[in-house]
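Source file coords-v4.txt; content: compact mmCIF, C-alpha atoms.
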```
# COMPACT_ATOMS: atom_id res chain seq x y z
CA MET W 255 10.82 7.03 5.51
CA ALA W 256 7.78 4.94 4.75
CA ASN W 257 6.81 6.86 1.62
CA THR W 258 10.13 7.65 0.00
CA THR W 259 11.46 5.81 -3.01
CA VAL W 260 14.23 3.39 -2.21
CA SER W 261 17.66 5.00 -2.41
CA GLY W 262 19.59 4.19 -5.56
CA ALA W 263 16.44 3.78 -7.64
CA THR W 264 16.81 4.62 -11.31
CA ALA W 265 14.59 7.27 -12.81
CA ILE W 266 11.85 5.90 -15.02
CA HIS W 267 10.67 7.98 -17.96
CA GLY W 268 12.86 10.74 -16.56
CA GLN W 269 11.28 10.99 -13.17
CA ASN W 270 10.86 9.43 -9.77
CA PRO W 271 9.03 6.14 -10.39
CA GLN W 272 6.41 6.94 -7.77
CA PHE W 273 5.36 9.96 -9.82
CA LEU W 274 3.91 7.63 -12.45
CA VAL W 275 0.87 7.52 -10.18
CA GLU W 276 -0.72 10.95 -10.26
CA THR W 277 -0.37 13.19 -7.24
CA VAL W 278 -4.00 13.10 -6.16
CA ILE W 279 -4.25 9.32 -6.15
CA ARG W 280 -0.76 8.97 -4.72
CA ASN W 281 -1.65 11.13 -1.75
CA ARG W 282 -4.83 9.17 -1.23
CA ILE W 283 -2.77 6.00 -1.16
CA TYR W 284 -0.35 7.48 1.37
CA GLU W 285 -3.31 8.35 3.58
CA SER W 286 -5.05 5.00 3.26
CA THR W 287 -5.05 2.60 6.17
CA TYR W 288 -4.07 -0.36 4.03
CA TRP W 289 -0.92 1.44 2.96
CA LYS W 290 0.03 2.43 6.47
CA GLU W 291 -0.84 -0.82 8.15
CA HIS W 292 -0.05 -3.54 5.60
CA CYS W 293 2.30 -2.03 3.05
CA PHE W 294 4.87 -0.88 5.57
CA ALA W 295 8.39 -2.23 4.96
CA LEU W 296 7.33 -4.68 2.28
CA THR W 297 10.11 -6.23 0.22
CA ALA W 298 9.97 -7.85 -3.20
CA GLU W 299 9.58 -11.13 -1.34
CA SER W 300 6.89 -10.24 1.18
CA ILE W 301 4.83 -8.31 -1.37
CA ILE W 302 3.92 -11.67 -2.95
CA ASP W 303 1.98 -12.67 0.15
CA LYS W 304 0.00 -9.47 0.00
CA ALA W 305 -0.55 -9.70 -3.75
CA ILE W 306 -2.09 -13.16 -3.61
CA GLU W 307 -4.52 -11.97 -0.95
CA VAL W 308 -5.83 -9.27 -3.28
CA ARG W 309 -9.40 -9.96 -4.33
CA PHE W 310 -9.92 -7.39 -7.08
CA ILE W 311 -8.03 -5.11 -9.40
CA GLY W 312 -8.91 -1.52 -10.18
CA GLY W 313 -8.00 2.06 -9.49
CA VAL W 314 -10.15 4.00 -7.07
CA TYR W 315 -13.62 3.08 -5.90
CA GLY W 316 -16.40 4.39 -3.74
CA ASN W 317 -15.32 7.63 -2.14
CA GLN W 318 -12.19 7.79 -4.34
CA LYS W 319 -10.64 5.14 -2.16
CA PRO W 320 -7.59 3.45 -3.70
CA THR W 321 -7.77 -0.34 -4.08
CA GLU W 322 -5.27 -2.64 -2.41
CA PHE W 323 -4.08 -3.48 -5.91
CA LEU W 324 -3.14 0.14 -6.50
CA CYS W 325 -1.41 0.39 -3.11
CA LEU W 326 0.73 -2.62 -3.99
CA LEU W 327 1.53 -1.14 -7.39
CA LEU W 328 2.81 2.03 -5.71
CA LYS W 329 4.82 -0.14 -3.35
CA LEU W 330 6.41 -1.90 -6.32
CA LEU W 331 7.23 1.45 -7.89
CA GLN W 332 8.73 2.50 -4.60
CA ILE W 333 10.96 -0.51 -3.98
CA GLN W 334 11.78 -1.05 -7.67
CA PRO W 335 12.62 -4.78 -7.75
CA GLU W 336 14.98 -6.16 -10.39
CA LYS W 337 13.68 -7.11 -13.79
CA GLU W 338 14.20 -10.82 -13.19
CA ILE W 339 12.00 -10.68 -10.11
CA LEU W 340 9.17 -9.15 -12.13
CA VAL W 341 9.51 -11.90 -14.73
CA GLU W 342 9.35 -14.39 -11.90
CA TYR W 343 6.09 -12.82 -10.71
CA LEU W 344 4.69 -13.20 -14.21
CA ARG W 345 5.68 -16.82 -14.37
CA ALA W 346 3.87 -17.74 -11.15
CA ASP W 347 0.74 -18.55 -13.10
CA GLU W 348 -1.49 -19.83 -10.31
CA PHE W 349 -1.53 -16.43 -8.62
CA LYS W 350 -3.49 -14.42 -11.14
CA TYR W 351 -3.67 -11.18 -9.19
CA LEU W 352 0.09 -11.22 -8.69
CA ARG W 353 0.42 -11.70 -12.42
CA ALA W 354 -1.94 -8.81 -13.15
CA LEU W 355 0.04 -6.60 -10.78
CA ALA W 356 3.33 -7.55 -12.44
CA ALA W 357 1.83 -6.96 -15.89
CA LEU W 358 0.74 -3.45 -14.95
CA TYR W 359 4.12 -2.67 -13.41
CA ILE W 360 5.95 -3.98 -16.46
CA ARG W 361 3.76 -1.89 -18.77
CA MET W 362 4.55 1.22 -16.74
CA THR W 363 8.27 0.83 -16.32
CA PHE W 364 9.85 -1.39 -18.96
CA ARG W 365 11.04 -0.55 -22.47
CA ALA W 366 8.50 -0.94 -25.26
CA VAL W 367 10.22 -3.99 -26.73
CA ASP W 368 10.23 -5.77 -23.38
CA VAL W 369 6.64 -4.82 -22.77
CA TYR W 370 5.53 -6.45 -26.01
CA GLU W 371 7.68 -9.50 -25.49
CA LEU W 372 6.58 -10.10 -21.92
CA LEU W 373 2.92 -9.17 -22.11
CA GLU W 374 1.85 -10.67 -25.42
CA PRO W 375 2.15 -14.27 -24.16
CA LEU W 376 -0.39 -13.32 -21.48
CA LEU W 377 -3.02 -12.84 -24.15
CA LYS W 378 -3.69 -16.55 -23.98
CA ASP W 379 -4.53 -16.40 -20.28
CA TYR W 380 -8.33 -16.44 -20.15
CA ARG W 381 -8.89 -16.38 -16.41
CA LYS W 382 -11.39 -14.08 -14.78
CA LEU W 383 -10.41 -11.05 -12.76
CA ARG W 384 -12.67 -8.97 -10.55
CA LEU W 385 -12.48 -5.29 -11.41
CA ARG W 386 -13.70 -2.70 -8.97
CA ASN W 387 -14.18 0.90 -9.99
CA MET W 388 -16.39 3.84 -9.16
CA SER W 389 -19.48 2.09 -10.50
CA GLY W 390 -18.97 -1.14 -8.57
CA TYR W 391 -17.64 -4.57 -9.43
CA SER W 392 -17.38 -5.99 -12.91
CA LEU W 393 -15.74 -8.93 -14.57
CA VAL W 394 -12.77 -8.76 -16.90
CA PHE W 395 -10.51 -11.47 -18.23
CA MET W 396 -6.77 -11.52 -18.01
CA ASP W 397 -6.30 -11.30 -21.79
CA GLU W 398 -8.73 -8.39 -21.89
CA PHE W 399 -6.79 -6.65 -19.15
CA VAL W 400 -3.46 -7.20 -20.90
CA TYR W 401 -4.92 -6.03 -24.18
CA SER W 402 -6.13 -2.83 -22.53
CA LEU W 403 -2.64 -2.37 -21.08
CA LEU W 404 -1.19 -2.55 -24.58
CA THR W 405 -3.74 -0.33 -26.27
CA GLU W 406 -5.42 2.04 -23.86
CA GLU W 407 -4.15 5.28 -22.38
CA ARG W 408 -5.66 4.88 -18.98
CA VAL W 409 -5.86 1.63 -17.02
CA CYS W 410 -6.86 1.37 -13.35
CA ASP W 411 -7.03 5.18 -13.12
CA ILE W 412 -3.37 5.50 -14.03
CA ILE W 413 -2.17 7.20 -17.16
CA MET W 414 0.02 4.75 -19.04
CA PRO W 415 3.35 6.03 -20.29
CA ARG W 416 3.58 6.27 -24.06
CA LEU W 417 4.34 2.97 -25.73
CA ALA W 418 5.95 2.81 -29.15
CA LYS W 419 3.73 1.21 -31.75
CA ARG W 420 4.40 -2.39 -32.49
CA GLN W 421 4.60 -1.67 -36.20
CA VAL W 422 7.40 0.88 -35.67
CA LEU W 423 9.39 -1.56 -33.59
CA GLU W 424 8.94 -4.21 -36.24
CA GLU W 425 10.15 -1.84 -38.94
CA ASN W 426 13.21 -1.00 -36.86
CA GLY W 427 13.89 -4.68 -36.57
CA GLU W 428 13.78 -4.67 -32.77
CA LEU W 429 10.80 -6.95 -32.63
CA GLY W 430 9.85 -9.93 -34.73
CA PRO W 431 6.42 -10.18 -36.31
CA ARG W 432 3.71 -11.18 -33.93
CA LYS W 433 2.92 -14.84 -33.78
CA SER W 434 -0.81 -15.12 -33.91
CA ARG W 435 -2.09 -18.16 -32.11
CA LEU W 436 -5.19 -18.01 -34.21
CA LEU W 437 -3.22 -18.24 -37.39
CA ALA W 438 -1.52 -21.38 -36.12
CA ALA W 439 -4.85 -22.75 -35.02
CA MET W 440 -6.34 -21.96 -38.40
CA GLN W 441 -3.56 -23.66 -40.25
CA GLY W 442 -3.91 -26.63 -37.95
CA ASP W 443 -7.66 -26.55 -38.55
CA SER W 444 -7.34 -26.35 -42.30
CA ASP W 445 -5.34 -29.56 -42.24
CA GLN W 446 -8.10 -31.21 -40.30
CA GLU W 447 -10.77 -29.57 -42.34
CA ASP W 448 -9.82 -31.61 -45.36
CA LYS W 449 -10.73 -34.61 -43.32
CA ASP W 450 -13.90 -33.60 -41.56
CA SER W 451 -14.83 -30.48 -43.59
CA SER W 452 -16.54 -28.58 -40.76
CA LYS W 453 -17.48 -25.28 -42.36
CA SER W 454 -19.03 -23.45 -39.47
CA ARG W 455 -15.92 -23.73 -37.37
CA SER W 456 -13.64 -22.26 -39.99
CA THR W 457 -15.90 -19.24 -40.49
CA ASN W 458 -15.88 -18.68 -36.74
CA THR W 459 -12.13 -18.55 -36.55
CA MET W 460 -12.02 -16.20 -39.50
CA ASP W 461 -14.28 -13.74 -37.72
CA VAL W 462 -12.19 -13.73 -34.58
CA ASP W 463 -9.03 -13.30 -36.54
CA VAL W 464 -10.34 -10.24 -38.33
CA LYS W 465 -11.22 -8.64 -35.03
CA GLU W 466 -7.89 -9.54 -33.53
CA SER W 467 -5.82 -7.98 -36.34
CA MET P 25 -12.10 36.34 56.90
CA ALA P 26 -10.57 35.73 60.24
CA ASP P 27 -11.41 32.08 60.99
CA LYS P 28 -11.66 30.92 57.35
CA GLY P 29 -15.04 29.30 57.97
CA GLY P 30 -18.06 29.27 55.76
CA ALA P 31 -21.21 31.30 56.26
CA TYR P 32 -22.60 28.64 58.58
CA GLY P 33 -19.38 28.25 60.50
CA THR P 34 -18.36 25.04 58.76
CA LYS P 35 -14.93 24.31 57.46
CA ALA P 36 -14.68 23.47 53.79
CA ALA P 37 -14.19 19.74 54.33
CA ASP P 38 -15.94 18.79 51.12
CA THR P 39 -13.04 20.00 49.02
CA ASP P 40 -10.51 17.67 50.61
CA PHE P 41 -10.52 15.45 47.56
CA ARG P 42 -8.60 18.06 45.63
CA LYS P 43 -5.05 17.27 44.83
CA LYS P 44 -2.48 18.53 47.28
CA TRP P 45 0.44 19.81 45.35
CA ASP P 46 3.85 18.76 46.51
CA LYS P 47 5.36 22.16 46.02
CA GLU P 48 8.90 21.14 46.81
CA GLU P 49 8.92 18.43 44.17
CA TYR P 50 7.58 20.72 41.51
CA ALA P 51 10.06 23.42 42.44
CA GLU P 52 12.76 20.80 42.03
CA ARG P 53 11.45 19.83 38.62
CA ALA P 54 11.28 23.43 37.47
CA LYS P 55 14.82 24.00 38.61
CA LYS P 56 16.01 20.95 36.74
CA LYS P 57 14.26 22.05 33.57
CA ASP P 58 15.81 25.50 33.84
CA GLN P 59 19.18 23.93 34.31
CA GLU P 60 18.78 21.76 31.21
CA GLU P 61 17.64 24.70 29.17
CA ARG P 62 20.58 26.71 30.35
CA GLU P 63 23.00 23.99 29.35
CA ARG P 64 21.40 23.69 25.95
CA MET P 65 21.63 27.44 25.42
CA GLN P 66 25.28 27.41 26.36
CA GLU P 67 25.92 24.60 23.95
CA ASN P 68 24.06 26.42 21.22
CA GLU P 69 26.10 29.53 21.91
CA GLU P 70 29.25 27.54 21.32
CA ARG P 71 27.85 26.00 18.17
CA MET P 72 26.89 29.44 16.88
CA LYS P 73 30.43 30.65 17.47
CA LYS P 74 31.71 27.75 15.37
CA GLY P 75 29.22 28.66 12.68
CA LYS P 76 26.94 25.62 13.14
CA ARG P 77 23.21 25.55 13.39
CA PRO P 78 21.77 25.59 16.92
CA LEU P 79 20.04 22.45 18.16
CA LYS P 80 16.30 22.78 18.50
CA GLY P 81 15.43 20.31 21.21
CA ARG P 82 17.35 18.04 23.44
CA LYS P 83 18.42 14.81 21.78
CA ASP P 84 18.12 11.38 23.28
CA ASP P 85 21.36 9.55 22.81
CA LEU P 86 20.12 6.32 21.34
CA PRO P 87 22.54 3.68 20.14
CA LYS P 88 23.20 3.41 16.42
CA PRO P 89 20.52 1.50 14.54
CA THR P 90 21.63 -2.08 14.03
CA GLN P 91 19.06 -3.53 11.62
CA LEU P 92 17.19 -2.59 8.49
CA MET P 93 13.54 -1.65 8.48
CA GLN P 94 11.52 -4.73 9.38
CA GLN P 95 7.96 -5.65 8.69
CA ARG P 96 5.77 -5.88 11.76
CA GLU P 97 5.55 -9.46 12.83
CA ALA P 98 2.16 -9.56 14.54
CA PRO P 99 -0.95 -7.97 13.08
CA LEU P 100 -1.75 -4.65 14.72
CA GLU P 101 -5.36 -5.50 15.63
CA LEU P 102 -6.43 -1.90 15.62
CA ASP P 103 -10.07 -2.87 16.02
CA LYS P 104 -9.37 -5.22 18.91
CA ASN P 105 -11.20 -3.09 21.46
CA LEU P 106 -13.84 -1.79 19.11
CA GLY P 107 -17.22 -1.43 20.77
CA LYS P 108 -15.92 -2.32 24.21
CA THR P 109 -16.43 -0.28 27.32
CA MET P 110 -13.28 -0.13 29.40
CA VAL P 111 -12.31 1.40 32.70
CA VAL P 112 -9.54 3.94 32.49
CA GLN P 113 -7.03 2.66 34.99
CA ASN P 114 -4.65 5.56 35.01
CA PRO P 115 -6.62 8.78 35.05
CA GLY P 116 -4.60 11.92 34.67
CA GLY P 117 -1.18 10.38 34.21
CA LYS P 118 1.22 9.47 31.47
CA GLY P 119 1.89 5.96 30.35
CA PRO P 120 -0.26 2.90 29.74
CA GLY P 121 -3.85 2.54 30.88
CA GLN P 122 -4.98 5.69 29.10
CA PRO P 123 -7.70 5.55 26.50
CA GLY P 124 -6.23 5.25 23.03
CA PHE P 125 -3.39 3.41 21.36
CA TYR P 126 -0.29 3.07 23.47
CA CYS P 127 3.20 2.63 22.06
CA GLU P 128 5.31 0.80 24.62
CA THR P 129 8.65 1.57 23.04
CA CYS P 130 8.15 5.29 22.96
CA ASN P 131 5.78 5.56 25.97
CA ARG P 132 3.22 7.58 24.12
CA THR P 133 -0.53 7.31 23.74
CA TYR P 134 -2.41 8.21 20.57
CA LYS P 135 -6.07 9.03 20.51
CA ASP P 136 -6.81 7.55 17.10
CA SER P 137 -5.57 4.80 14.84
CA VAL P 138 -4.31 7.18 12.15
CA GLY P 139 -2.05 9.03 14.56
CA TYR P 140 -0.87 5.73 15.97
CA LEU P 141 -0.13 4.29 12.52
CA ASP P 142 1.76 7.43 11.58
CA HIS P 143 3.79 7.10 14.73
CA ILE P 144 4.73 3.45 14.37
CA ASN P 145 5.82 4.08 10.80
CA SER P 146 7.83 7.14 11.81
CA ARG P 147 11.56 7.55 11.86
CA ALA P 148 11.55 8.32 15.60
CA HIS P 149 9.80 5.06 16.45
CA LEU P 150 12.03 3.03 14.14
CA ARG P 151 15.04 4.64 15.69
CA ALA P 152 13.84 3.66 19.16
CA LEU P 153 13.49 0.09 17.88
CA GLY P 154 17.04 0.24 16.54
CA GLN P 155 16.05 0.14 12.88
CA THR P 156 17.09 2.31 9.99
CA THR P 157 14.62 3.54 7.42
CA LYS P 158 16.09 1.40 4.66
CA ILE P 159 14.49 -1.86 3.60
CA GLU P 160 16.23 -5.05 2.73
CA ARG P 161 16.52 -5.83 -0.98
CA SER P 162 15.35 -9.31 -1.67
CA THR P 163 17.14 -11.41 -4.24
CA LEU P 164 15.77 -13.46 -7.09
CA ALA P 165 16.48 -16.69 -5.22
CA GLN P 166 14.47 -15.50 -2.22
CA VAL P 167 11.55 -14.58 -4.43
CA GLN P 168 11.66 -17.94 -6.21
CA ALA P 169 11.77 -19.77 -2.90
CA ARG P 170 8.83 -17.78 -1.60
CA ILE P 171 6.74 -18.46 -4.68
CA ALA P 172 7.54 -22.16 -4.49
CA TYR P 173 6.60 -22.21 -0.82
CA LEU P 174 3.31 -20.40 -1.43
CA ARG P 175 2.54 -22.69 -4.34
CA GLU P 176 2.94 -25.74 -2.10
CA LYS P 177 0.88 -24.13 0.60
CA THR P 178 -2.04 -23.28 -1.63
CA LYS P 179 -1.94 -26.72 -3.18
CA GLU P 180 -2.03 -28.30 0.25
CA ALA P 181 -4.88 -26.09 1.35
CA ALA P 182 -6.87 -27.01 -1.76
CA SER P 183 -6.30 -30.73 -1.33
CA ALA P 184 -7.03 -30.54 2.40
CA LYS P 185 -10.33 -28.90 1.62
CA ALA P 186 -11.27 -31.64 -0.84
CA PHE P 187 -10.31 -34.34 1.64
CA ASP P 188 -12.36 -32.66 4.29
CA PHE P 189 -15.34 -32.57 2.03
CA ASP P 190 -15.25 -36.30 1.28
CA GLN P 191 -14.71 -37.16 4.89
CA ARG P 192 -17.54 -34.96 5.96
CA LEU P 193 -19.86 -36.50 3.44
CA ALA P 194 -18.98 -39.96 4.74
CA GLU P 195 -19.57 -38.82 8.30
CA VAL P 196 -22.97 -37.41 7.44
CA ARG P 197 -23.92 -40.62 5.67
CA GLU P 198 -22.85 -42.70 8.64
CA LYS P 199 -24.86 -40.58 11.02
CA GLU P 200 -27.98 -40.82 8.87
CA ARG P 201 -27.65 -44.58 8.68
CA GLU P 202 -27.37 -44.81 12.46
CA ILE P 203 -30.47 -42.72 12.99
CA ARG P 204 -32.39 -44.85 10.52
CA GLU P 205 -31.34 -48.07 12.23
CA ASN P 206 -32.24 -46.76 15.64
CA LYS P 207 -35.68 -45.86 14.39
CA LYS P 208 -36.08 -49.27 12.81
CA ALA P 209 -35.12 -51.03 16.02
CA GLU P 210 -37.51 -48.91 18.01
CA ARG P 211 -40.37 -49.68 15.70
CA LYS P 212 -39.52 -53.37 15.81
CA ALA P 213 -39.51 -53.37 19.60
CA GLU P 214 -42.86 -51.63 19.72
CA LYS P 215 -44.39 -54.16 17.32
CA GLU P 216 -43.01 -57.02 19.35
CA LYS P 217 -44.49 -55.58 22.51
CA ALA P 218 -47.90 -55.15 20.91
CA ARG P 219 -47.81 -58.72 19.63
CA LEU P 220 -46.92 -60.12 23.02
CA ALA P 221 -49.72 -58.16 24.65
CA MET P 222 -52.19 -59.46 22.12
CA ILE P 223 -51.09 -63.05 22.66
CA GLN P 224 -51.49 -62.64 26.39
CA ASP P 225 -54.94 -61.10 25.96
CA ASP P 226 -56.01 -63.81 23.60
CA GLY P 227 -54.85 -66.56 25.96
CA ASP P 228 -56.77 -65.11 28.89
CA SER P 229 -60.07 -64.74 27.08
CA GLU P 230 -59.81 -68.19 25.54
CA MET P 231 -59.23 -69.78 28.91
CA ALA P 232 -62.13 -67.85 30.44
CA ALA P 233 -64.47 -68.92 27.68
CA LEU P 234 -63.41 -72.52 28.20
CA MET P 235 -64.11 -72.33 31.89
CA GLY P 236 -67.45 -70.72 31.26
CA PHE P 237 -67.09 -67.40 32.99
CA GLY P 238 -65.88 -63.98 32.09
CA GLY P 239 -63.65 -63.39 35.10
CA PHE P 240 -63.12 -63.79 38.81
CA GLY P 241 -65.03 -60.68 39.67
CA SER P 242 -62.01 -58.81 40.88
CA THR P 243 -60.21 -56.36 38.74
CA LYS P 244 -57.12 -56.64 40.90
CA LYS P 245 -54.28 -58.51 39.46
```

What would the structure in this file look like if it were written as structure tokens?
Amino acid sequence: MANTTVSGATAIHGQNPQFLVETVIRNRIYESTYWKEHCFALTAESIIDKAIEVRFIGGVYGNQKPTEFLCLLLKLLQIQPEKEILVEYLRADEFKYLRALAALYIRMTFRAVDVYELLEPLLKDYRKLRLRNMSGYSLVFMDEFVYSLLTEERVCDIIMPRLAKRQVLEENGELGPRKSRLLAAMQGDSDQEDKDSSKSRSTNTMDVDVKES
Amino acid sequence: MADKGGAYGTKAADTDFRKKWDKEEYAERAKKKDQEERERMQENEERMKKGKRPLKGRKDDLPKPTQLMQQREAPLELDKNLGKTMVVQNPGGKGPGQPGFYCETCNRTYKDSVGYLDHINSRAHLRALGQTTKIERSTLAQVQARIAYLREKTKEAASAKAFDFDQRLAEVREKEREIRENKKAERKAEKEKARLAMIQDDGDSEMAALMGFGGFGSTKK
């Protein structure tokens, strides 16, 4: 039926993937008109069209109404596309809302190592995203959103599954040390600095780097 | 009463509009329904003897579904008739022309959009369309092709918009120039006219002065 998980789907974190969205919000999505009218019989291919029409991200807004973004996320959980398809969504960089959707899905369903490997490159994507929540619209940036995916417990009114700490994965040798872009920039800068000796700039980068680590 | 008339001796002619029931037809229908029910019960009896569950309602024998669940091709336009006043063409009957949302495949009318949406997403409706409830799994290649297509499309749309803008700007400029020139020409023509009139006036008065009189005494020309 229209709301059942696709047959042959693998359990994620030991349960039906659709259960990653809490019951209350899930039922609200099932009742919403957008779900019934536009999300019916979407495939991994046709969901792209819908995702690039999305105008804002977020969980529920107004009268606890689920956003289109959330409806599409539930649809992805329901149809469970292959991993390669999700990576393909991430790589389509001109469609930022599709990318945000894929990032959230990857955070919720993939293994911790894959999550770090796939999402950390997105931290250099500085585009704006509209976020709509109970208090109205606000502005976030893609790197901010990805950072919250990696660090926070609750994003877009969905409880994120537990993610192993990066440090632990590094100690186990599953993940290499993080390549900081700032470090590279700083080293590049320090080479230049000898030539033009711009002090203010170097102090700026230092500040940002401290915050980042 | 003996003659079935009213108190004033009139027949009740004003109730002729009431529906006359075709009793025979309805008796026929009732009989048919009873017959069907009887057959179903007999069948159920046999099923019970074999240890199977009895059937609840009668089943339409639809052909096997031939295709997977498909997306709806056209938009539903649920708010197409919003705020319109419409005449109900088929009062008191089943089928189209009733107020509400009508499903042609299943010949049913729904009073609100939610009920209608639930119906067109339902297994029964899909079955009538010849679809299963399984969706097609798209492959990586399909997804890549789609993304490439959409990328081209958005690029085209963006460039088309820019082109439009330039063209429009040029059009506006052209129009403004035309208006300005028209105005200029008009003003020039007016000036010319005034000048001619003055020359004529001047010539007349000069001649009159030369001849020693102011005019011929007639204002007619």

If the cut-off is 6 Å, can you tell me the residues of chain W near chain P, counting only C-alpha atoms? I'd like them as an MDAnalysis selection string. chainID W and resid 255 295 298:299 339

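Nearest-residue note for His143 in chain P: choosing from W:Ala346, W:Ile279, W:Leu373, W:Glu291, the minimum distance belongs to W:Glu291, counting only C-alpha atoms.
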
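When CA of Pro415 in chain W is paired with CA of Asp397 in chain W, their separation reads 19.9 Å.
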
Residues around (-5.1, -17.6, -19.9), cut-off 12 Å, counting all atoms listed in the file - what are they as a PDB file with C-alpha atoms, in the frame of the given file?
```
ATOM      1  CA  ASP W 347       0.740 -18.550 -13.100  1.00  0.00           C
ATOM      2  CA  GLU W 348      -1.490 -19.830 -10.310  1.00  0.00           C
ATOM      3  CA  PHE W 349      -1.530 -16.430  -8.620  1.00  0.00           C
ATOM      4  CA  LYS W 350      -3.490 -14.420 -11.140  1.00  0.00           C
ATOM      5  CA  ARG W 353       0.420 -11.700 -12.420  1.00  0.00           C
ATOM      6  CA  ALA W 354      -1.940  -8.810 -13.150  1.00  0.00           C
ATOM      7  CA  LEU W 373       2.920  -9.170 -22.110  1.00  0.00           C
ATOM      8  CA  GLU W 374       1.850 -10.670 -25.420  1.00  0.00           C
ATOM      9  CA  PRO W 375       2.150 -14.270 -24.160  1.00  0.00           C
ATOM     10  CA  LEU W 376      -0.390 -13.320 -21.480  1.00  0.00           C
ATOM     11  CA  LEU W 377      -3.020 -12.840 -24.150  1.00  0.00           C
ATOM     12  CA  LYS W 378      -3.690 -16.550 -23.980  1.00  0.00           C
ATOM     13  CA  ASP W 379      -4.530 -16.400 -20.280  1.00  0.00           C
ATOM     14  CA  TYR W 380      -8.330 -16.440 -20.150  1.00  0.00           C
ATOM     15  CA  ARG W 381      -8.890 -16.380 -16.410  1.00  0.00           C
ATOM     16  CA  LYS W 382     -11.390 -14.080 -14.780  1.00  0.00           C
ATOM     17  CA  LEU W 383     -10.410 -11.050 -12.760  1.00  0.00           C
ATOM     18  CA  PHE W 395     -10.510 -11.470 -18.230  1.00  0.00           C
ATOM     19  CA  MET W 396      -6.770 -11.520 -18.010  1.00  0.00           C
ATOM     20  CA  ASP W 397      -6.300 -11.300 -21.790  1.00  0.00           C
ATOM     21  CA  GLU W 398      -8.730  -8.390 -21.890  1.00  0.00           C
ATOM     22  CA  PHE W 399      -6.790  -6.650 -19.150  1.00  0.00           C
ATOM     23  CA  VAL W 400      -3.460  -7.200 -20.900  1.00  0.00           C
TER      24      VAL W 400
END
```

Please return as a list in words every residue within 6 Å of (18.8, -0.1, 11.9), taking into account all atoms listed in the file and the file's own coordinates.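 Residues satisfying the cut-off, written out: Pro89, Thr90, Gln91, Leu92, Gly154, Gln155 and Thr156 of chain P.
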
Take the residues from that selection and write them out as a JSON list (two decimals), in the coordinates of the input, keeping C-alpha atoms.
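What follows is the written file selection.json:
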```
[["chain", "number", "residue", "atom", "x", "y", "z"],
["P", 89, "PRO", "CA", 20.52, 1.50, 14.54],
["P", 90, "THR", "CA", 21.63, -2.08, 14.03],
["P", 91, "GLN", "CA", 19.06, -3.53, 11.62],
["P", 92, "LEU", "CA", 17.19, -2.59, 8.49],
["P", 154, "GLY", "CA", 17.04, 0.24, 16.54],
["P", 155, "GLN", "CA", 16.05, 0.14, 12.88],
["P", 156, "THR", "CA", 17.09, 2.31, 9.99]]
```

Could you please determine the separation between CA of Asp368 in chain W and CA of Val314 in chain W in Å, to one decimal place?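 We find that CA of Asp368 in chain W and CA of Val314 in chain W lie 27.9 Å from each other.
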
Give me, please, the distance in Å between CA of Lys43 in chain P and CA of Asp136 in chain P, quoted to one decimal.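 CA of Asp136 in chain P lies at a distance of 29.4 Å from CA of Lys43 in chain P.
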